[in-house]
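Here the structure is laid out as structure tokens; the discussion comes afterwards.
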Amino acid sequence: MLLAGKLALFSLGMFAFGYIVMPPLYNVICDLTGLNGRTNSAAVSMPTGEGVTDRLVTVEFVSVVNSSAAWTFKPAQLTMEVVPGKTYKAFYTAVNLTGRPAVGQAVPSVAPSSAAKYFNKIECFCFTKQEFEVAASKEMPLIFFVEPDLPRSIDTITLSYTYFDTGEAPVELEPAVDLTDS
Amino acid sequence: MSTAAAGHHDHDDHGPAKGWTRWLYTTNHKDIGTLYLLFSLVMFFIGGGMALIIRAELFQPGLQLVDPLFFNSMTTMHALVMIFGVVMPAFVGLANWMIPMMIGGPDMALPRLNNWSFWIMPFAFLLLLSTLFMEGGGPAGGWTLYAPLSLQGGDSFAFVIFSIHFMGISSVMGSINIVATIFNMRAPGMTLMQMPLFVWTWLITAYLLIAVIPVLAGAVTMLLTDRFFGTSFFNAAGGGDPVMYQHIFWFFGHPEVYILILPAFGIISSIIPTFARKPLFGYASMVYATGSIAFLSFIVWAHHMFTVGMPLAGEMFFMFATMMISVPTGVKVFNWIATMWRGSMTFETPMLFAIGFLVMFTIGGLSGLMLAITPADIQYHDTYFVVAHFHYVLVPGAIYSIMAATYYWLPKWTGNMYDEKWGKIHFWVSTVFLNVLFFPMHFVGLAGMPRRIPDYSLQFADWNAVASIGAFGFGFSQLIFVYVIFKCIKGGEKATSEVWEGADGLEWTVPSPAPYHTFEKPPAQFS
């Protein structure tokens, strides 16, 4: 019976490991290694050293709107030639076509995934959710730099954002329904 | 005599209780083993019916018989039913019947838990199968239930999750019982290295189940809370990651495929020595090979996801780790062949199925080795080549071993010999149609036909028609199996207690049919 009890405890432990321990652990591993093209999800500080001027890296900007959400989401620029170590500013534009006030959230991914940990965002609209009025349009900034020790084998980095409608109602915006007529 | 007294038996030698409640309340390992095996047989035909719907639709290109959503729920349900409703319960049933008799114990260590773990199963599958009649249909996103696709299904989703939880609870309880039985109920003096290999492989399988089924439960619970309670484990908008689901799922899923095959290795290791009339070659290496396979199964899961965009180092690791599994598996195949070498072989039905297993499981193993090669897998991924591969290891692998075990031990269970002529016909008809069914899938897979689609491009038409003919042939030839089993239960030539001339093991020392209670006094030969 003691053995059976231990085994039952072990199976409960494995459940807890799967449900409680694994997801945060997975996040930590992805953040540390950049596996899965995961980039930093909070702002990093400005680069300290000098830029490496003897090479240029192409950064490509890609946008995807998740599933059937009625949004327009496009980068303002398709590519940029950047010097590793210097900071750059890029823009994405989102338009809320859902016909209701909505909240959007962009999720970044970098390809090749081995470049992810060298791509740093100082400021990014993806760090927060954005609230939109009906048919509102927003130009959203992104400030980034590529680390100088990016391996020489990588000369192009693709930055992809997927835009999600979080399905939440905006908190700070006025309600869309005009109540003065009633 | 009052009717109240009829409920009380004297405790010297009582048989089974009377009436249908015998089956509901039974704590006897043989009754529960029978229940598991019959349950598995019923589910085999339900899952097989689903496979025939799939093959009927795929007989020709174009959409003929069923709509695509129903087709997708058929592929999903076929897998769930066959894995959780057929192969796993059948192995648990065989374990219930045979492990106490093989180790000289009177029953399972935890008989009431045993009853409970069986009786959860019919309800779990009632829940699962009922989703087919719900609005929005059954689960249709594949048995792997990948997020986010699986989260977009109908309201039946919660039923699917709960049925998987039930199956998982049943499997874990069954496994705890098996481990407890093997460690506590062995005949006095029987060391671990004297146990039959079926007991050994089940011991290792039980540990695998206890380790990974809760991980599956965790993964599907995350799906449930993502869908209904606003968590974002796999929802990228909320900071989750759908790829994490694949990692967690396959951390369960890969050990699971060994759960489906290790007991089969044990069965084959019992049958081949009997009909070769030689002891098993390399017993200790068989035990260590099984242990190695179980260990390796935990570190190869990402070979199911070579196309998600892993770093090169990860792909290399998982490729070589996967290929390493062929070493212990090769040891096993070598040992089985060495056991037959210069043996006095006869080819009764169990031996035919065992040899069929050996040949065709190896074919499936070799295509698995091809899939392990990362650059090649990028082409093979999610094609019919994969379907051919896992059906070769599961049908002539797991299913054939279960059929071999059934023919092998049926005389012990029923006391009657089965019909040898019809058993052999069953083997040959099944084997021919099985290859007609699954072998062409290699060709259409290499040519690029994707899995899980109701319609396909014209160039795949011929081989799909051939496969469908094989499917119906294979499906209907299983009725022979049912006929032979029920004919054997009803009567036939009486079996001796040894049944097979070359059989070795404690289960052959008890009379046939095995009495309701065996080894109430432990056997003495080990002390």
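Note on naming: chains are A, B, ... as they come in the structure tokens, residues start from 1 per chain, ligands start from 1 in the order shown.
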
* Got a sec to pull out which chain B residues are within 7 Å of chain A, counting only C-alpha atoms, and send them as a VMD selection string? -> chain B and resid 176 180 210 to 211 214 to 215 217 to 219 222 236 to 237 309 to 311

Export, as a short mmCIF file (atom, residue, chain, number, x, y, z; two decimals), in the first residue's frame, the selected residues with N, CA and C atoms.
```cif
data_model
loop_
_atom_site.label_atom_id
_atom_site.label_comp_id
_atom_site.auth_asym_id
_atom_site.auth_seq_id
_atom_site.Cartn_x
_atom_site.Cartn_y
_atom_site.Cartn_z
N ILE B 176 -0.61 1.61 -11.30
CA ILE B 176 -0.20 1.54 -9.89
C ILE B 176 -0.45 0.13 -9.37
N ALA B 180 2.34 -2.45 -8.00
CA ALA B 180 2.19 -2.98 -6.64
C ALA B 180 2.11 -4.50 -6.66
N ILE B 210 2.63 5.91 -15.45
CA ILE B 210 2.51 6.76 -14.26
C ILE B 210 3.24 8.08 -14.47
N ALA B 211 4.33 8.04 -15.25
CA ALA B 211 5.09 9.27 -15.46
C ALA B 211 4.45 10.19 -16.49
N PRO B 214 -0.13 11.69 -16.44
CA PRO B 214 -0.44 12.96 -15.78
C PRO B 214 0.03 14.18 -16.57
N VAL B 215 1.09 14.04 -17.37
CA VAL B 215 1.53 15.16 -18.19
C VAL B 215 0.48 15.46 -19.26
N ALA B 217 -2.66 14.78 -18.92
CA ALA B 217 -3.77 15.38 -18.18
C ALA B 217 -3.50 16.87 -17.97
N GLY B 218 -2.26 17.21 -17.65
CA GLY B 218 -1.90 18.62 -17.48
C GLY B 218 -2.11 19.39 -18.77
N ALA B 219 -1.66 18.82 -19.89
CA ALA B 219 -1.77 19.52 -21.18
C ALA B 219 -3.23 19.75 -21.55
N MET B 222 -4.80 22.41 -19.49
CA MET B 222 -4.46 23.74 -19.98
C MET B 222 -5.36 24.13 -21.15
N ALA B 236 -1.23 33.02 -28.07
CA ALA B 236 -0.12 33.96 -28.25
C ALA B 236 -0.50 35.38 -27.87
N ALA B 237 -1.78 35.76 -28.09
CA ALA B 237 -2.19 37.12 -27.76
C ALA B 237 -2.06 37.39 -26.28
N GLY B 309 10.41 24.66 -36.52
CA GLY B 309 11.44 25.68 -36.52
C GLY B 309 12.31 25.60 -35.29
N MET B 310 12.91 24.43 -35.08
CA MET B 310 13.84 24.27 -33.96
C MET B 310 15.23 24.68 -34.41
N PRO B 311 16.10 25.05 -33.47
CA PRO B 311 17.48 25.31 -33.88
C PRO B 311 18.14 24.02 -34.37
#
```

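The neighbours of Thr329 in chain B here are the residues that come within 9 Å of it, using only C-alpha atoms and leaving out any residue fewer than 6 positions away in the same chain; they are B:Ala289, B:Thr290, B:Ile293, B:Gly365.
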
* In chain A, DSSP strand (DSSP E) residues written as a PyMOL selection string -> chain A and resi 57-65+71-75+79-82+87-96+102-111+119-124+130-132+137-146+156-165

* Find the spatial neighbours of Phe39 in chain B, counting only C-alpha atoms, within a cut-off of 9 Å - ignore same-chain residues fewer than 2 positions away - and output them as a list in words. =>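 Here the answer would be Thr34, Leu35, Tyr36, Leu37, Leu41, Val42, Met43, Phe44, Gly85, Val86, Pro89, Ala90, Met121 and Pro122 of chain B.
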
* To do: Would you mind writing down, as a ChimeraX atom specification, each residue of chain A that DSSP on the backbone assigns to helix (DSSP H, G or I)?
  => /A:2-33,35-37,113-118,125-127

Keeping N, CA and C atoms for every residue in the selection just given, could you write it to a file as a compact mmCIF listing (two decimals), in the first residue's frame?
```txt
# COMPACT_ATOMS: atom_id res chain seq x y z
N LEU A 2 1.97 1.17 0.73
CA LEU A 2 2.88 2.31 0.78
C LEU A 2 3.37 2.62 -0.62
N LEU A 3 3.71 1.53 -1.36
CA LEU A 3 4.21 1.69 -2.73
C LEU A 3 3.15 2.35 -3.60
N ALA A 4 1.90 1.85 -3.47
CA ALA A 4 0.82 2.41 -4.29
C ALA A 4 0.62 3.89 -3.97
N GLY A 5 0.70 4.24 -2.69
CA GLY A 5 0.56 5.63 -2.30
C GLY A 5 1.64 6.49 -2.90
N LYS A 6 2.87 5.98 -2.85
CA LYS A 6 3.99 6.74 -3.43
C LYS A 6 3.78 6.96 -4.92
N LEU A 7 3.32 5.88 -5.59
CA LEU A 7 3.11 5.99 -7.03
C LEU A 7 2.01 7.00 -7.34
N ALA A 8 0.95 6.98 -6.52
CA ALA A 8 -0.15 7.93 -6.73
C ALA A 8 0.36 9.36 -6.54
N LEU A 9 1.18 9.55 -5.51
CA LEU A 9 1.76 10.87 -5.27
C LEU A 9 2.63 11.30 -6.44
N PHE A 10 3.39 10.33 -6.95
CA PHE A 10 4.27 10.63 -8.08
C PHE A 10 3.44 11.07 -9.29
N SER A 11 2.31 10.39 -9.52
CA SER A 11 1.51 10.78 -10.69
C SER A 11 0.90 12.16 -10.47
N LEU A 12 0.49 12.47 -9.24
CA LEU A 12 0.00 13.82 -8.96
C LEU A 12 1.11 14.84 -9.18
N GLY A 13 2.32 14.45 -8.76
CA GLY A 13 3.47 15.34 -8.95
C GLY A 13 3.73 15.61 -10.42
N MET A 14 3.60 14.57 -11.24
CA MET A 14 3.81 14.77 -12.68
C MET A 14 2.74 15.69 -13.26
N PHE A 15 1.51 15.57 -12.75
CA PHE A 15 0.45 16.47 -13.21
C PHE A 15 0.80 17.91 -12.85
N ALA A 16 1.23 18.11 -11.60
CA ALA A 16 1.60 19.45 -11.15
C ALA A 16 2.77 19.97 -11.97
N PHE A 17 3.73 19.09 -12.25
CA PHE A 17 4.87 19.48 -13.07
C PHE A 17 4.40 19.96 -14.44
N GLY A 18 3.48 19.18 -15.05
CA GLY A 18 2.98 19.55 -16.37
C GLY A 18 2.20 20.85 -16.34
N TYR A 19 1.35 21.01 -15.33
CA TYR A 19 0.42 22.14 -15.35
C TYR A 19 1.03 23.40 -14.74
N ILE A 20 1.82 23.24 -13.68
CA ILE A 20 2.29 24.41 -12.94
C ILE A 20 3.73 24.77 -13.28
N VAL A 21 4.61 23.78 -13.36
CA VAL A 21 6.04 24.08 -13.50
C VAL A 21 6.44 24.28 -14.95
N MET A 22 5.90 23.44 -15.84
CA MET A 22 6.39 23.42 -17.22
C MET A 22 6.17 24.74 -17.97
N PRO A 23 4.96 25.35 -17.94
CA PRO A 23 4.79 26.58 -18.74
C PRO A 23 5.75 27.70 -18.36
N PRO A 24 5.93 28.05 -17.07
CA PRO A 24 6.92 29.09 -16.75
C PRO A 24 8.34 28.67 -17.13
N LEU A 25 8.64 27.40 -16.91
CA LEU A 25 9.97 26.90 -17.26
C LEU A 25 10.23 27.05 -18.76
N TYR A 26 9.20 26.72 -19.53
CA TYR A 26 9.29 26.83 -20.98
C TYR A 26 9.54 28.29 -21.37
N ASN A 27 8.82 29.21 -20.72
CA ASN A 27 9.02 30.64 -21.02
C ASN A 27 10.44 31.07 -20.71
N VAL A 28 10.94 30.62 -19.56
CA VAL A 28 12.29 31.01 -19.17
C VAL A 28 13.29 30.49 -20.20
N ILE A 29 13.13 29.22 -20.59
CA ILE A 29 14.07 28.65 -21.55
C ILE A 29 14.00 29.39 -22.88
N CYS A 30 12.77 29.69 -23.33
CA CYS A 30 12.63 30.40 -24.61
C CYS A 30 13.23 31.80 -24.52
N ASP A 31 13.00 32.48 -23.38
CA ASP A 31 13.55 33.84 -23.25
C ASP A 31 15.07 33.80 -23.23
N LEU A 32 15.63 32.82 -22.55
CA LEU A 32 17.09 32.76 -22.43
C LEU A 32 17.75 32.41 -23.76
N THR A 33 17.14 31.47 -24.48
CA THR A 33 17.82 30.96 -25.66
C THR A 33 17.31 31.59 -26.95
N LEU A 35 14.83 30.48 -28.44
CA LEU A 35 14.18 29.39 -29.17
C LEU A 35 12.82 29.88 -29.61
N ASN A 36 12.37 29.36 -30.77
CA ASN A 36 11.04 29.75 -31.21
C ASN A 36 10.98 31.17 -31.72
N GLY A 37 12.12 31.85 -31.91
CA GLY A 37 12.11 33.23 -32.39
C GLY A 37 11.60 34.22 -31.37
N SER A 113 15.50 31.84 -35.91
CA SER A 113 15.36 31.90 -34.45
C SER A 113 16.70 32.11 -33.76
N SER A 114 17.80 31.73 -34.45
CA SER A 114 19.10 31.92 -33.81
C SER A 114 19.47 33.40 -33.75
N ALA A 115 18.74 34.27 -34.49
CA ALA A 115 19.01 35.70 -34.43
C ALA A 115 18.21 36.37 -33.33
N ALA A 116 17.24 35.63 -32.75
CA ALA A 116 16.28 36.27 -31.86
C ALA A 116 16.94 36.96 -30.67
N LYS A 117 17.97 36.30 -30.11
CA LYS A 117 18.51 36.90 -28.89
C LYS A 117 19.43 38.08 -29.19
N TYR A 118 19.74 38.32 -30.48
CA TYR A 118 20.56 39.49 -30.84
C TYR A 118 19.70 40.67 -31.25
N PHE A 125 5.49 48.64 -29.34
CA PHE A 125 4.04 48.60 -29.09
C PHE A 125 3.59 47.22 -28.65
N CYS A 126 4.47 46.24 -28.85
CA CYS A 126 4.07 44.89 -28.46
C CYS A 126 4.19 44.66 -26.95
N PHE A 127 4.80 45.62 -26.25
CA PHE A 127 4.92 45.44 -24.80
C PHE A 127 3.58 45.64 -24.10
```

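The protein and nucleic acid residues lying at most 8 Å from Ala90 in chain A are Ala76, Gln77, Pro141, Leu142 and Ile143 of chain A, with only C-alpha atoms considered and sequence neighbours fewer than 6 positions away removed.
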
Taking N, CA and C atoms for each residue, export the selection above as a PDB file, in the first residue's frame.
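And here's result-v1.pdb as it stands now:
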```pdb
ATOM      1  N   ALA A  76       5.071  50.183 -41.773  1.00  0.00           N
ATOM      2  CA  ALA A  76       5.240  51.387 -42.581  1.00  0.00           C
ATOM      3  C   ALA A  76       6.413  51.230 -43.534  1.00  0.00           C
ATOM      4  N   GLN A  77       7.351  50.379 -43.212  1.00  0.00           N
ATOM      5  CA  GLN A  77       8.504  50.145 -44.072  1.00  0.00           C
ATOM      6  C   GLN A  77       8.669  48.635 -44.230  1.00  0.00           C
ATOM      7  N   PRO A 141       5.071  52.863 -32.741  1.00  0.00           N
ATOM      8  CA  PRO A 141       6.514  52.873 -32.930  1.00  0.00           C
ATOM      9  C   PRO A 141       7.219  51.652 -32.336  1.00  0.00           C
ATOM     10  N   LEU A 142       8.393  51.439 -32.844  1.00  0.00           N
ATOM     11  CA  LEU A 142       9.247  50.345 -32.385  1.00  0.00           C
ATOM     12  C   LEU A 142      10.675  50.866 -32.470  1.00  0.00           C
ATOM     13  N   ILE A 143      11.395  50.836 -31.351  1.00  0.00           N
ATOM     14  CA  ILE A 143      12.800  51.243 -31.384  1.00  0.00           C
ATOM     15  C   ILE A 143      13.638  50.021 -31.053  1.00  0.00           C
TER      16      ILE A 143
END
```

Do a neighbour search on Val146 in chain A at 6 Å with only C-alpha atoms, toss out local chain neighbours closer than 2 positions, and write the hits as a PDB file with C-alpha atoms, in the first residue's frame.
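The result, written out as around.pdb:
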```
ATOM      1  CA  PRO A  84      24.598  46.496 -35.695  1.00  0.00           C
ATOM      2  CA  GLY A  85      24.840  48.397 -32.439  1.00  0.00           C
ATOM      3  CA  TYR A 118      20.555  39.489 -30.841  1.00  0.00           C
ATOM      4  CA  PHE A 119      17.494  41.509 -31.752  1.00  0.00           C
TER       5      PHE A 119
END
```

Quick one: residues within 8 Å of Gly189 in chain B, only C-alpha atoms, excluding same-chain residues fewer than 3 positions away - as a PDB file with N, CA and C atoms, in the first residue's frame?
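Full text of selection34.pdb as output:
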```pdb
ATOM      1  N   ARG B 186       4.805 -11.563  -5.841  1.00  0.00           N
ATOM      2  CA  ARG B 186       5.549 -12.640  -6.492  1.00  0.00           C
ATOM      3  C   ARG B 186       5.667 -13.849  -5.568  1.00  0.00           C
ATOM      4  N   PHE B 526      10.365 -21.741  -6.428  1.00  0.00           N
ATOM      5  CA  PHE B 526      11.391 -20.700  -6.414  1.00  0.00           C
ATOM      6  C   PHE B 526      12.094 -20.586  -5.069  1.00  0.00           C
ATOM      7  N   SER B 527      11.432 -21.131  -3.987  1.00  0.00           N
ATOM      8  CA  SER B 527      12.027 -20.909  -2.668  1.00  0.00           C
ATOM      9  C   SER B 527      13.085 -21.967  -2.358  1.00  0.00           C
TER      10      SER B 527
END
```

* Atom-to-atom span, CA of Phe118 in chain B and CA of Leu506 in chain B, Å ->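 Computing it gives 25.4 Å between the two atoms.
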
* Please identify all polymer residues within 6 Å of range 99-105 of chain B, counting only C-alpha atoms, omitting same-chain residues fewer than 5 positions from it, and present them as a list in words. => Met185, Arg186, Ala187, Leu506, Glu507, Phe519 and Pro522 of chain B

* Asked: For the atom pair CA of Ala372 in chain B and CA of His303 in chain B, what is the interatomic distance in Å to one decimal place?
  ->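 Those two atoms sit 6.6 Å apart.
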